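**Q** The structure file data20.cif (mmCIF, C-alpha atoms) is provided below.
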```cif
data_structure
loop_
_atom_site.label_atom_id
_atom_site.label_comp_id
_atom_site.auth_asym_id
_atom_site.auth_seq_id
_atom_site.Cartn_x
_atom_site.Cartn_y
_atom_site.Cartn_z
CA MET A 1 -94.90 -228.59 69.22
CA HIS A 2 -96.61 -231.17 71.45
CA ARG A 3 -97.46 -234.72 70.50
CA ARG A 4 -99.14 -237.27 72.73
CA LEU A 5 -98.79 -240.93 71.89
CA ALA A 6 -101.20 -243.43 73.45
CA LEU A 7 -99.72 -246.93 73.37
CA THR A 8 -101.86 -250.03 73.05
CA PRO A 9 -101.81 -252.45 76.01
CA SER A 10 -99.32 -254.68 74.20
CA LEU A 11 -96.92 -251.75 73.99
CA CYS A 12 -97.57 -250.39 77.47
CA LEU A 13 -94.70 -250.49 79.90
CA LEU A 14 -95.33 -253.32 82.33
CA LEU A 15 -92.61 -252.36 84.77
CA ALA A 16 -90.75 -255.36 86.17
CA ALA A 17 -93.06 -257.77 84.34
CA ALA A 18 -90.06 -259.76 83.16
CA CYS A 19 -88.65 -259.95 86.67
CA HIS A 20 -88.73 -263.11 88.71
CA PRO A 21 -87.99 -263.30 92.42
CA ASP A 22 -85.46 -266.05 91.74
CA ALA A 23 -83.56 -264.14 89.03
CA PRO A 24 -79.77 -264.54 89.19
CA PRO A 25 -77.77 -261.70 90.78
CA GLU A 26 -76.48 -258.88 88.62
CA PRO A 27 -72.90 -259.06 87.33
CA PRO A 28 -70.36 -257.74 89.84
CA GLU A 29 -68.96 -255.06 87.54
CA LEU A 30 -70.15 -251.48 88.01
CA ASP A 31 -71.91 -249.87 85.05
CA PRO A 32 -69.49 -248.58 82.37
CA GLY A 33 -70.15 -244.93 83.27
CA GLU A 34 -69.62 -245.40 87.01
CA HIS A 35 -66.43 -245.14 89.06
CA LEU A 36 -65.77 -246.75 92.44
CA LEU A 37 -63.97 -244.53 94.95
CA LEU A 38 -60.77 -246.01 96.38
CA SER A 39 -61.82 -244.52 99.74
CA PRO A 40 -65.41 -243.60 100.71
CA ARG A 41 -66.15 -239.94 101.30
CA GLY A 42 -68.38 -238.11 103.78
CA ASN A 43 -70.53 -235.11 102.79
CA PRO A 44 -71.36 -236.82 99.48
CA GLU A 45 -73.40 -233.90 98.12
CA GLU A 46 -70.19 -231.86 97.95
CA LEU A 47 -68.84 -234.17 95.22
CA LEU A 48 -71.62 -233.23 92.77
CA GLY A 49 -70.44 -230.83 90.07
CA ARG A 50 -66.72 -231.46 90.64
CA THR A 51 -64.62 -232.09 87.53
CA VAL A 52 -63.24 -235.56 86.77
CA THR A 53 -60.10 -236.25 84.71
CA ALA A 54 -58.13 -239.35 83.73
CA ASN A 55 -54.92 -239.72 85.76
CA ALA A 56 -51.58 -240.29 84.04
CA GLU A 57 -50.78 -243.07 86.54
CA GLY A 58 -54.12 -244.79 85.92
CA GLY A 59 -57.60 -244.33 87.33
CA TYR A 60 -59.55 -241.09 87.58
CA VAL A 61 -59.15 -238.01 89.77
CA VAL A 62 -61.97 -235.90 91.22
CA SER A 63 -61.08 -232.22 91.77
CA ASP A 64 -60.64 -230.86 95.30
CA GLU A 65 -63.63 -228.55 95.02
CA ARG A 66 -66.53 -227.58 92.78
CA PRO A 67 -65.54 -225.00 90.11
CA ALA A 68 -66.71 -221.42 90.56
CA GLY A 69 -69.97 -220.73 88.73
CA CYS A 70 -71.14 -224.36 88.89
CA ASP A 71 -74.51 -224.42 90.70
CA VAL A 72 -75.95 -227.72 91.89
CA THR A 73 -79.44 -228.65 93.06
CA VAL A 74 -79.43 -232.04 94.82
CA ARG A 75 -82.18 -234.62 94.38
CA ARG A 76 -82.20 -237.54 96.84
CA VAL A 77 -83.49 -240.88 95.54
CA PRO A 78 -83.84 -243.66 98.15
CA GLU A 79 -82.28 -246.90 96.87
CA ARG A 80 -81.73 -249.62 99.47
CA TRP A 81 -80.01 -252.83 98.40
CA GLN A 82 -77.01 -255.05 99.15
CA ARG A 83 -74.61 -256.07 96.38
CA SER A 84 -71.01 -256.99 95.68
CA TYR A 85 -69.01 -255.17 93.00
CA GLN A 86 -65.58 -255.25 91.45
CA GLN A 87 -63.78 -252.77 89.23
CA ASP A 88 -60.39 -252.68 87.54
CA ILE A 89 -58.22 -250.11 89.29
CA GLY A 90 -57.82 -248.33 85.96
CA ARG A 91 -61.46 -247.22 86.21
CA ALA A 92 -61.55 -246.51 89.95
CA ALA A 93 -61.27 -242.94 91.27
CA HIS A 94 -59.43 -240.88 93.87
CA ILE A 95 -60.54 -237.54 95.32
CA GLY A 96 -57.90 -234.81 95.33
CA THR A 97 -55.45 -233.48 92.76
CA GLY A 98 -52.32 -233.99 94.89
CA ALA A 99 -50.47 -237.28 95.20
CA THR A 100 -52.66 -240.22 94.20
CA PRO A 101 -52.28 -243.88 95.24
CA PHE A 102 -52.56 -245.32 91.72
CA GLY A 103 -48.84 -245.30 90.93
CA GLU A 104 -47.88 -246.81 94.28
CA ILE A 105 -50.44 -249.60 94.03
CA THR A 106 -49.52 -250.64 90.48
CA ALA A 107 -45.79 -250.31 91.21
CA GLN A 108 -46.11 -252.77 94.10
CA HIS A 109 -48.58 -255.21 92.62
CA GLY A 110 -48.58 -254.72 88.84
CA LYS A 111 -51.41 -253.48 86.64
CA SER A 112 -53.62 -256.52 87.19
CA VAL A 113 -55.26 -255.04 90.27
CA LYS A 114 -58.96 -254.79 91.01
CA VAL A 115 -61.10 -253.33 93.78
CA ASP A 116 -63.68 -255.62 95.42
CA ALA A 117 -66.51 -254.00 97.37
CA GLN A 118 -69.48 -255.26 99.37
CA ILE A 119 -72.06 -252.48 99.59
CA ASP A 120 -75.22 -251.71 101.56
CA ASN A 121 -76.55 -248.86 99.44
CA LEU A 122 -78.99 -246.35 100.95
CA GLU A 123 -79.60 -243.62 98.39
CA VAL A 124 -78.46 -241.96 95.16
CA LEU A 125 -77.81 -238.22 94.99
CA GLN A 126 -78.60 -236.78 91.56
CA ALA A 127 -77.54 -233.30 90.45
CA ASP A 128 -79.37 -230.66 88.46
CA LEU A 129 -76.38 -228.74 87.09
CA ARG A 130 -76.26 -225.09 86.00
CA GLY A 131 -73.20 -223.20 84.74
CA CYS A 132 -70.93 -226.25 84.96
CA THR A 133 -68.45 -227.23 82.24
CA GLY A 134 -66.26 -230.19 81.37
CA THR A 135 -66.76 -233.73 82.65
CA VAL A 136 -68.33 -233.48 86.10
CA VAL A 137 -69.81 -235.71 88.81
CA SER A 138 -73.55 -235.91 88.09
CA ALA A 139 -74.69 -238.59 90.57
CA VAL A 140 -73.30 -240.14 93.76
CA LYS A 141 -74.18 -243.46 95.40
CA VAL A 142 -74.26 -243.41 99.21
CA GLY A 143 -74.06 -246.33 101.61
CA THR A 144 -71.96 -248.43 103.98
CA GLY A 145 -69.71 -251.38 103.23
CA LYS A 146 -66.15 -252.59 102.86
CA ARG A 147 -63.56 -252.83 100.11
CA GLU A 148 -60.20 -254.45 99.45
CA PHE A 149 -57.60 -254.53 96.70
CA LYS A 150 -56.79 -257.78 94.94
CA ALA A 151 -53.80 -258.46 92.70
CA ARG A 152 -53.51 -261.30 90.25
CA GLU A 153 -50.73 -263.83 90.65
CA GLU A 154 -49.43 -264.56 87.16
CA THR A 155 -48.22 -268.00 86.12
CA SER A 156 -46.39 -269.00 83.00
CA ALA A 157 -49.28 -271.24 82.03
CA ASP A 158 -51.78 -268.39 82.03
CA VAL A 159 -53.65 -267.55 78.89
CA LYS A 160 -54.92 -264.05 79.53
CA VAL A 161 -58.04 -262.44 78.17
CA LYS A 162 -59.92 -259.35 79.30
CA ALA A 163 -63.45 -259.15 80.63
CA LYS A 164 -64.77 -255.63 81.20
CA GLY A 165 -61.25 -254.31 81.62
CA VAL A 166 -60.25 -256.83 84.31
CA PRO A 167 -57.55 -259.35 83.28
CA VAL A 168 -58.86 -262.88 83.73
CA GLY A 169 -56.60 -265.92 83.47
CA ALA A 170 -57.61 -269.13 81.79
CA GLY A 171 -54.75 -270.88 83.59
CA GLY A 172 -53.70 -271.13 87.21
CA GLY A 173 -53.38 -267.44 88.12
CA LYS A 174 -55.30 -266.46 91.25
CA TRP A 175 -56.43 -263.21 92.84
CA ARG A 176 -54.98 -262.45 96.30
CA ALA A 177 -55.82 -259.69 98.74
CA VAL A 178 -53.14 -256.97 99.00
CA GLY A 179 -52.91 -253.98 101.30
CA ARG A 180 -55.37 -253.18 104.04
CA ALA A 181 -59.10 -253.78 103.70
CA LEU A 182 -61.30 -250.81 104.53
CA GLU A 183 -64.73 -250.91 106.18
CA TRP A 184 -67.09 -248.00 106.93
CA ASN A 185 -70.27 -248.09 109.01
CA GLU A 186 -71.53 -244.53 108.46
CA PRO A 187 -73.23 -243.66 105.11
CA GLN A 188 -70.66 -242.21 102.74
CA ALA A 189 -70.15 -241.74 98.99
CA TRP A 190 -68.68 -244.93 97.50
CA ALA A 191 -69.23 -244.52 93.73
CA PHE A 192 -70.26 -241.84 91.25
CA SER A 193 -71.34 -241.23 87.65
CA VAL A 194 -70.16 -238.44 85.35
CA LYS A 195 -71.68 -236.22 82.68
CA ASP A 196 -69.91 -234.39 79.84
CA LEU A 197 -70.89 -230.71 79.89
CA SER A 198 -68.23 -229.47 77.49
CA ALA A 199 -69.07 -226.43 75.37
CA ALA A 200 -69.46 -228.70 72.32
CA GLY A 201 -72.32 -230.53 73.99
CA ALA A 202 -73.87 -227.64 75.95
CA ASP A 203 -76.83 -227.33 73.58
CA MET A 204 -77.91 -230.94 74.27
CA ARG A 205 -80.70 -230.08 76.70
CA VAL A 206 -83.03 -233.06 77.04
CA GLU A 207 -85.38 -233.39 80.01
CA LEU A 208 -87.31 -236.42 81.21
CA VAL A 209 -90.47 -235.85 83.25
CA LEU A 210 -92.44 -238.66 84.91
CA LEU A 211 -96.03 -237.71 85.78
CA PRO A 212 -96.62 -238.61 88.53
CA GLU A 213 -93.43 -239.89 90.12
CA SER A 214 -95.39 -242.37 92.24
CA VAL A 215 -98.27 -244.59 91.08
CA ARG A 216 -100.14 -247.67 92.23
CA ASP A 217 -100.13 -251.01 90.49
CA GLY A 218 -102.37 -250.88 87.42
CA GLU A 219 -102.51 -247.08 87.19
CA THR A 220 -101.50 -245.03 84.15
CA PHE A 221 -98.63 -242.56 84.17
CA SER A 222 -96.90 -240.36 81.59
CA VAL A 223 -93.35 -240.21 80.30
CA ARG A 224 -92.64 -236.79 78.80
CA VAL A 225 -89.41 -235.91 76.97
CA LEU A 226 -88.55 -232.28 76.20
CA SER A 227 -85.64 -231.07 74.06
CA GLY A 228 -84.10 -227.76 73.04
CA ARG A 229 -83.17 -229.16 69.63
CA GLN A 230 -84.36 -231.95 67.36
CA VAL A 231 -83.33 -235.37 68.66
CA TYR A 232 -84.05 -239.04 67.98
CA LEU A 233 -84.95 -241.09 71.04
CA VAL A 234 -84.29 -244.46 72.63
CA ILE A 235 -86.28 -245.00 75.87
CA ALA A 236 -86.10 -248.07 78.09
CA PHE A 237 -86.72 -249.12 81.68
CA LEU A 238 -84.67 -251.10 84.18
CA GLY A 239 -86.31 -252.92 87.07
CA PRO A 240 -84.77 -253.43 90.53
CA ASN A 241 -83.90 -257.09 89.90
CA GLY A 242 -82.13 -256.75 86.56
CA ASN A 243 -85.20 -256.95 84.31
CA ALA A 244 -85.49 -254.49 81.44
CA GLY A 245 -87.86 -253.47 78.66
CA LEU A 246 -87.84 -251.22 75.60
CA ILE A 247 -90.37 -248.36 75.30
CA LEU A 248 -89.13 -246.59 72.15
CA PRO A 249 -88.51 -247.24 69.31
CA ASN A 250 -91.29 -249.71 68.58
CA GLY A 251 -93.41 -250.87 65.65
CA ARG A 252 -95.62 -247.78 65.69
CA GLN A 253 -92.77 -245.34 66.30
CA PRO A 254 -89.69 -246.76 64.51
CA VAL A 255 -87.95 -243.35 64.50
CA PRO A 256 -89.21 -241.46 67.59
CA THR A 257 -88.39 -237.79 67.21
CA VAL A 258 -88.69 -234.64 69.32
CA THR A 259 -88.57 -231.40 67.34
CA ALA A 260 -86.57 -228.39 68.58
CA GLY A 261 -88.38 -226.80 71.51
CA GLY A 262 -91.02 -229.55 71.47
CA ASN A 263 -91.87 -232.60 73.51
CA VAL A 264 -93.28 -236.09 73.20
CA GLU A 265 -95.51 -237.68 75.84
CA LEU A 266 -96.27 -241.36 76.27
CA SER A 267 -99.15 -242.85 78.29
CA LEU A 268 -98.00 -246.07 79.97
CA GLY A 269 -99.35 -248.60 82.43
CA ALA A 270 -97.50 -249.66 85.60
CA LYS A 271 -97.46 -253.21 86.94
CA LEU A 272 -95.69 -254.73 89.92
CA ALA A 273 -93.63 -257.89 89.38
CA VAL A 274 -94.69 -259.20 92.78
CA PRO A 275 -98.19 -258.11 93.87
CA GLY A 276 -98.10 -256.29 97.18
CA ALA A 277 -94.36 -255.48 97.03
CA ALA A 278 -93.53 -251.86 96.18
CA GLU A 279 -90.59 -251.24 93.84
CA ARG A 280 -88.69 -248.36 92.23
CA ASP A 281 -87.92 -248.54 88.50
CA ARG A 282 -85.46 -246.50 86.44
CA VAL A 283 -86.48 -244.98 83.09
CA VAL A 284 -83.52 -244.20 80.80
CA VAL A 285 -83.48 -241.88 77.76
CA TYR A 286 -80.80 -241.66 75.06
CA ALA A 287 -81.13 -238.76 72.59
CA PHE A 288 -79.21 -238.42 69.30
CA THR A 289 -78.89 -235.24 67.25
CA GLU A 290 -78.14 -237.06 64.00
CA ARG A 291 -80.36 -239.65 62.33
CA GLY A 292 -77.33 -241.65 61.22
CA ASP A 293 -76.16 -242.06 64.83
CA PHE A 294 -79.64 -243.14 65.90
CA ASP A 295 -79.75 -245.75 63.13
CA MET A 296 -76.32 -247.03 64.14
CA PHE A 297 -76.94 -247.28 67.89
CA LYS A 298 -80.66 -248.03 68.14
CA PRO A 299 -81.76 -251.39 69.62
CA PRO A 300 -82.26 -254.45 67.40
CA SER A 301 -85.63 -254.54 65.66
CA GLY A 302 -88.43 -256.88 66.64
CA SER A 303 -89.77 -258.01 69.98
CA LEU A 304 -86.91 -257.97 72.51
CA ASP A 305 -86.85 -259.95 75.75
CA SER A 306 -85.52 -258.65 79.04
CA THR A 307 -82.06 -260.22 78.61
CA THR A 308 -81.55 -258.62 75.19
CA VAL A 309 -82.63 -255.16 76.36
CA SER A 310 -80.47 -255.38 79.48
CA ALA A 311 -77.42 -256.40 77.41
CA TYR A 312 -78.08 -253.58 74.93
CA LEU A 313 -78.23 -250.96 77.69
CA ALA A 314 -75.07 -252.30 79.33
CA GLU A 315 -73.05 -252.09 76.09
CA LEU A 316 -74.44 -248.81 74.73
CA PRO A 317 -72.26 -246.39 76.80
CA LYS A 318 -69.09 -248.13 75.61
CA ARG A 319 -70.25 -248.06 71.98
CA LEU A 320 -71.12 -244.36 72.18
CA ALA A 321 -67.52 -243.56 73.14
CA SER A 322 -66.74 -243.87 69.40
CA ILE A 323 -68.68 -240.67 68.49
CA PRO A 324 -68.35 -237.06 69.77
CA ALA A 325 -70.25 -236.37 73.00
CA ARG A 326 -71.92 -233.33 71.39
CA ARG A 327 -74.02 -235.67 69.21
CA TRP A 328 -75.80 -237.53 72.01
CA THR A 329 -76.91 -237.25 75.61
CA THR A 330 -78.65 -239.36 78.23
CA THR A 331 -80.89 -238.72 81.19
CA GLU A 332 -82.95 -240.83 83.56
CA GLY A 333 -85.71 -240.74 86.15
CA TYR A 334 -87.28 -243.00 88.76
CA LEU A 335 -90.85 -244.22 89.21
CA LEU A 336 -92.16 -245.63 92.48
CA ILE A 337 -94.86 -248.29 92.03
CA GLU A 338 -96.90 -249.09 95.13
CA PRO A 339 -99.42 -251.88 95.70
CA LYS A 340 -103.11 -251.39 95.03
CA ILE A 341 -105.32 -250.41 97.94
CA ASP A 342 -107.51 -253.33 98.94
CA PRO A 343 -111.06 -251.97 99.39
CA SER A 344 -111.80 -254.70 101.95
CA THR A 345 -109.04 -253.44 104.23
CA ALA A 346 -109.75 -249.73 103.77
CA ALA A 347 -110.74 -247.88 106.93
CA ALA A 348 -114.47 -247.53 107.44
CA PRO A 349 -115.85 -243.97 107.26
#
```
Starting from the coordinates I provided, produce the structure as structure tokens.
**A**
Amino acid sequence: MHRRLALTPSLCLLLAAACHPDAPPEPPELDPGEHLLLSPRGNPEELLGRTVTANAEGGYVVSDERPAGCDVTVRRVPERWQRSYQQDIGRAAHIGTGATPFGEITAQHGKSVKVDAQIDNLEVLQADLRGCTGTVVSAVKVGTGKREFKAREETSADVKVKAKGVPVGAGGGKWRAVGRALEWNEPQAWAFSVKDLSAAGADMRVELVLLPESVRDGETFSVRVLSGRQVYLVIAFLGPNGNAGLILPNGRQPVPTVTAGGNVELSLGAKLAVPGAAERDRVVVYAFTERGDFDMFKPPSGSLDSTTVSAYLAELPKRLASIPARRWTTTEGYLLIEPKIDPSTAAAP
């Protein structure tokens, strides 16, 4: 079954319209589904498809090699930017199933340890996975940079709370650098995302297609979502400077649904935040197999501003941890928006 939905201009996606060149920097925490590598790794495409497990001593461990039968097709997405990040060591990752550094680090400096990183990112490697099972590496970020460990000095006057898993003191405790800092000047893998491909969730096949993948400012493009089973959709976009917008659900489609074996296509309009400056935007899809889950986790109703949508997308992965992975899935794609061609500067015939 095929349905095509034409949105009115007020509902069209104006990519990065809410962005402002002077917007504040993004929070330093990595996204909830991402893990920072304790040490960067060369040959980053080899990490795709490897299994990831929680380590008994803390943190996460990436297997030494890709499991037999797991086939990976690599897609390279250029993403150039400079940012600083931090992550609690309990969410950071180590490659290799032998001895890991987590126990040694926490034994020396306690559990209030974080990893600070300054990154010059170059590209993201995304994986099309076939025959893979379990929780596996589905995307890898590649770049140069430096990182260091920091431990928190506790004081008796501290009143401790937690922000995104990192202990933060309301008293006089301070973070201090511990161990050796590490800097790398050749592009290497520095962080990755995972995807649950367990047998329970293997039938959650949802595909996002952007037609075309590159448009000019003011042109129309299509967002097509295909699914092997009936799902309820949430679709949003994230701009390069932290802006965000909701595509579905909306007033005309309060319960957007794709039937089993069917697809839904949306016609949308692209717009640059800064005329003349090309940008790459990320389109994110969440699909739910049960209507009750969709109703529980869908965005707030009404007209949502960029801040509200961005906060919703940041919190959603953590909220979804409360339900079985077989009942939902997520996928994403990228759209390059280029400036209009000025007829006055076009080459003469």
**Q** Have a look at atom CA of Leu233 of chain A and atom CA of Pro249 of chain A and let me know their distance in Å, one decimal.
**A**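 These two atoms are separated by 7.3 Å.
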**Q** Using only C-alpha atoms, determine which residues lie at most 9 Å from segment 49-59 of chain A, disregarding the query and same-chain residues fewer than 5 positions distant; provide the list as number ranges by chain.
**A** A: 64-67, 70-72, 88-94, 100-103, 106, 127, 129, 132-139, 194
**Q** With C-alpha atoms retained, could you export that selection as an mmCIF file, keeping the file's coordinate frame?
**A**
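What follows is the written file result-v2.cif:
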```cif
data_model
loop_
_atom_site.group_PDB
_atom_site.id
_atom_site.type_symbol
_atom_site.label_atom_id
_atom_site.label_comp_id
_atom_site.auth_asym_id
_atom_site.auth_seq_id
_atom_site.Cartn_x
_atom_site.Cartn_y
_atom_site.Cartn_z
ATOM 1 C CA ASP A 64 -60.640 -230.860 95.300
ATOM 2 C CA GLU A 65 -63.630 -228.550 95.020
ATOM 3 C CA ARG A 66 -66.530 -227.580 92.780
ATOM 4 C CA PRO A 67 -65.540 -225.000 90.110
ATOM 5 C CA CYS A 70 -71.140 -224.360 88.890
ATOM 6 C CA ASP A 71 -74.510 -224.420 90.700
ATOM 7 C CA VAL A 72 -75.950 -227.720 91.890
ATOM 8 C CA ASP A 88 -60.390 -252.680 87.540
ATOM 9 C CA ILE A 89 -58.220 -250.110 89.290
ATOM 10 C CA GLY A 90 -57.820 -248.330 85.960
ATOM 11 C CA ARG A 91 -61.460 -247.220 86.210
ATOM 12 C CA ALA A 92 -61.550 -246.510 89.950
ATOM 13 C CA ALA A 93 -61.270 -242.940 91.270
ATOM 14 C CA HIS A 94 -59.430 -240.880 93.870
ATOM 15 C CA THR A 100 -52.660 -240.220 94.200
ATOM 16 C CA PRO A 101 -52.280 -243.880 95.240
ATOM 17 C CA PHE A 102 -52.560 -245.320 91.720
ATOM 18 C CA GLY A 103 -48.840 -245.300 90.930
ATOM 19 C CA THR A 106 -49.520 -250.640 90.480
ATOM 20 C CA ALA A 127 -77.540 -233.300 90.450
ATOM 21 C CA LEU A 129 -76.380 -228.740 87.090
ATOM 22 C CA CYS A 132 -70.930 -226.250 84.960
ATOM 23 C CA THR A 133 -68.450 -227.230 82.240
ATOM 24 C CA GLY A 134 -66.260 -230.190 81.370
ATOM 25 C CA THR A 135 -66.760 -233.730 82.650
ATOM 26 C CA VAL A 136 -68.330 -233.480 86.100
ATOM 27 C CA VAL A 137 -69.810 -235.710 88.810
ATOM 28 C CA SER A 138 -73.550 -235.910 88.090
ATOM 29 C CA ALA A 139 -74.690 -238.590 90.570
ATOM 30 C CA VAL A 194 -70.160 -238.440 85.350
#
```
**Q** Considering all atoms listed in the file, can you say which of A:Val140, A:Leu272, A:Val124, A:Val74 comes closest to Ile337 of chain A?
**A**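 Selected residue with least distance to Ile337 of chain A: A:Leu272.
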**Q** Go through A:Glu315, A:Glu332, A:Glu338, A:Glu34 one by one, measure the shortest atom-to-atom distance of each to Val274 of chain A using only C-alpha atoms, and give the residue with the smallest value.
**A**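 Selected residue with least distance to Val274 of chain A: A:Glu338.
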**Q** So that all listed atoms of segment 36-52 of chain A fit with 5 Å spare on each side, what axis-aligned box centre and edge lengths in Å, to one decimal, would you give as JSON?
**A**
```
{"center_x": -67.1, "center_y": -238.8, "center_z": 95.3, "size_x": 22.6, "size_y": 25.9, "size_z": 27.0}
```
**Q** Excluding same-chain residues fewer than 4 positions from Pro256 of chain A, what lies within 10 Å of it counting all atoms listed in the file, as an MDAnalysis selection string?
**A** chainID A and resid 231:235 248:250 252 264 287 294
**Q** Mind pulling up the distance from atom CA of Arg147 of chain A to atom CA of His109 of chain A?
**A**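 If I compute the distance from atom CA of His109 of chain A to atom CA of Arg147 of chain A, I get 16.9 Å.
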**Q** Which residues are close to Gly110 of chain A, i.e. within 9 Å by all atoms listed in the file, leaving aside same-chain residues fewer than 5 positions away? Reply as a list in words.
**A**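 Residues near the query, excluding close chain neighbours: Ile105, Ala151 and Arg152 of chain A.
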**Q** Grab the atom CA of Pro254 of chain A to atom CA of Lys298 of chain A distance for me, in Å with one decimal place.
**A** 9.8 Å
**Q** Pull the closest atom pair for each residue of segment 187-291 of chain A that gets at most 9 Å from segment 302-307 of chain A, along with the distance in Å to one decimal, counting all atoms listed in the file, ordering rows by chain and then ascending residue number, as JSON lines.
**A**
```
{"residue": "A:Gly242", "atom": "CA", "partner": "A:Ser306", "partner_atom": "CA", "distance": 8.5}
{"residue": "A:Asn243", "atom": "CA", "partner": "A:Ser306", "partner_atom": "CA", "distance": 5.5}
{"residue": "A:Ala244", "atom": "CA", "partner": "A:Ser306", "partner_atom": "CA", "distance": 4.8}
{"residue": "A:Gly245", "atom": "CA", "partner": "A:Ser306", "partner_atom": "CA", "distance": 5.7}
{"residue": "A:Leu246", "atom": "CA", "partner": "A:Leu304", "partner_atom": "CA", "distance": 7.5}
{"residue": "A:Asn250", "atom": "CA", "partner": "A:Gly302", "partner_atom": "CA", "distance": 8.0}
{"residue": "A:Gly251", "atom": "CA", "partner": "A:Gly302", "partner_atom": "CA", "distance": 7.9}
```
**Q** In terms of the shortest atom-to-atom distance over all atoms listed in the file, which of A:Arg41, A:Val209, A:Val62, A:Thr73 is closest to Thr144 of chain A?
**A** A:Arg41
**Q** For Glu29 of chain A, find every residue with an atom within 9 Å (counting only C-alpha atoms), except residues of its own chain fewer than 4 positions away, and show them as a list in words.
**A**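 Everything that qualifies: Ser84, Tyr85, Gln86, Gln87, Asp88 and Lys164 of chain A.
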**Q** Given the choices A:Arg229, A:Ser322, A:Glu279, A:Gly131, which gets closest to Met296 of chain A if the distance is worked out from only C-alpha atoms?
**A**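 Comparing A:Arg229, A:Ser322, A:Glu279, A:Gly131 against Met296 of chain A, the winner is A:Ser322.
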**Q** Selection in question (the file shown): the PyMOL selection byres ((chain A and resi 275) around 10). Which residues does it include, as a ChimeraX atom specification?
**A** /A:217,271-274,276-278,338-340
**Q** Within 7 Å of segment 173-190 of chain A, which residues of segment 39-127 of chain A come that close, and what is the closest atom pair and distance in Å for each? Count only C-alpha atoms and give it as a tab-separated table.
**A**
```
residue	atom	partner	partner_atom	distance
A:Pro40	CA	A:Trp190	CA	4.8
A:Arg41	CA	A:Ala189	CA	5.0
A:Gly42	CA	A:Gln188	CA	4.8
A:Pro44	CA	A:Ala189	CA	5.1
```
**Q** Quick one: which residues end up in the PyMOL selection byres ((chain A and resi 319) around 12) for this structure, as a PyMOL selection string?
**A** chain A and resi 32-33+293+296-298+312-318+320-325+328
**Q** Give me, as a PyMOL selection string, all polymer residues having an atom no more than 12 Å from Leu208 of chain A, counting all atoms listed in the file and skipping those fewer than 6 positions away in the same chain.
**A** chain A and resi 222-227+233+235+263-266+282-287+329-335
**Q** Have a look at A:Ser63, A:Ser214, A:Thr257, A:Ser112 and name the one nearest to Leu47 of chain A; count all atoms listed in the file.
**A**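 Looking at the shortest contact to Leu47 of chain A, the residue is A:Ser63.
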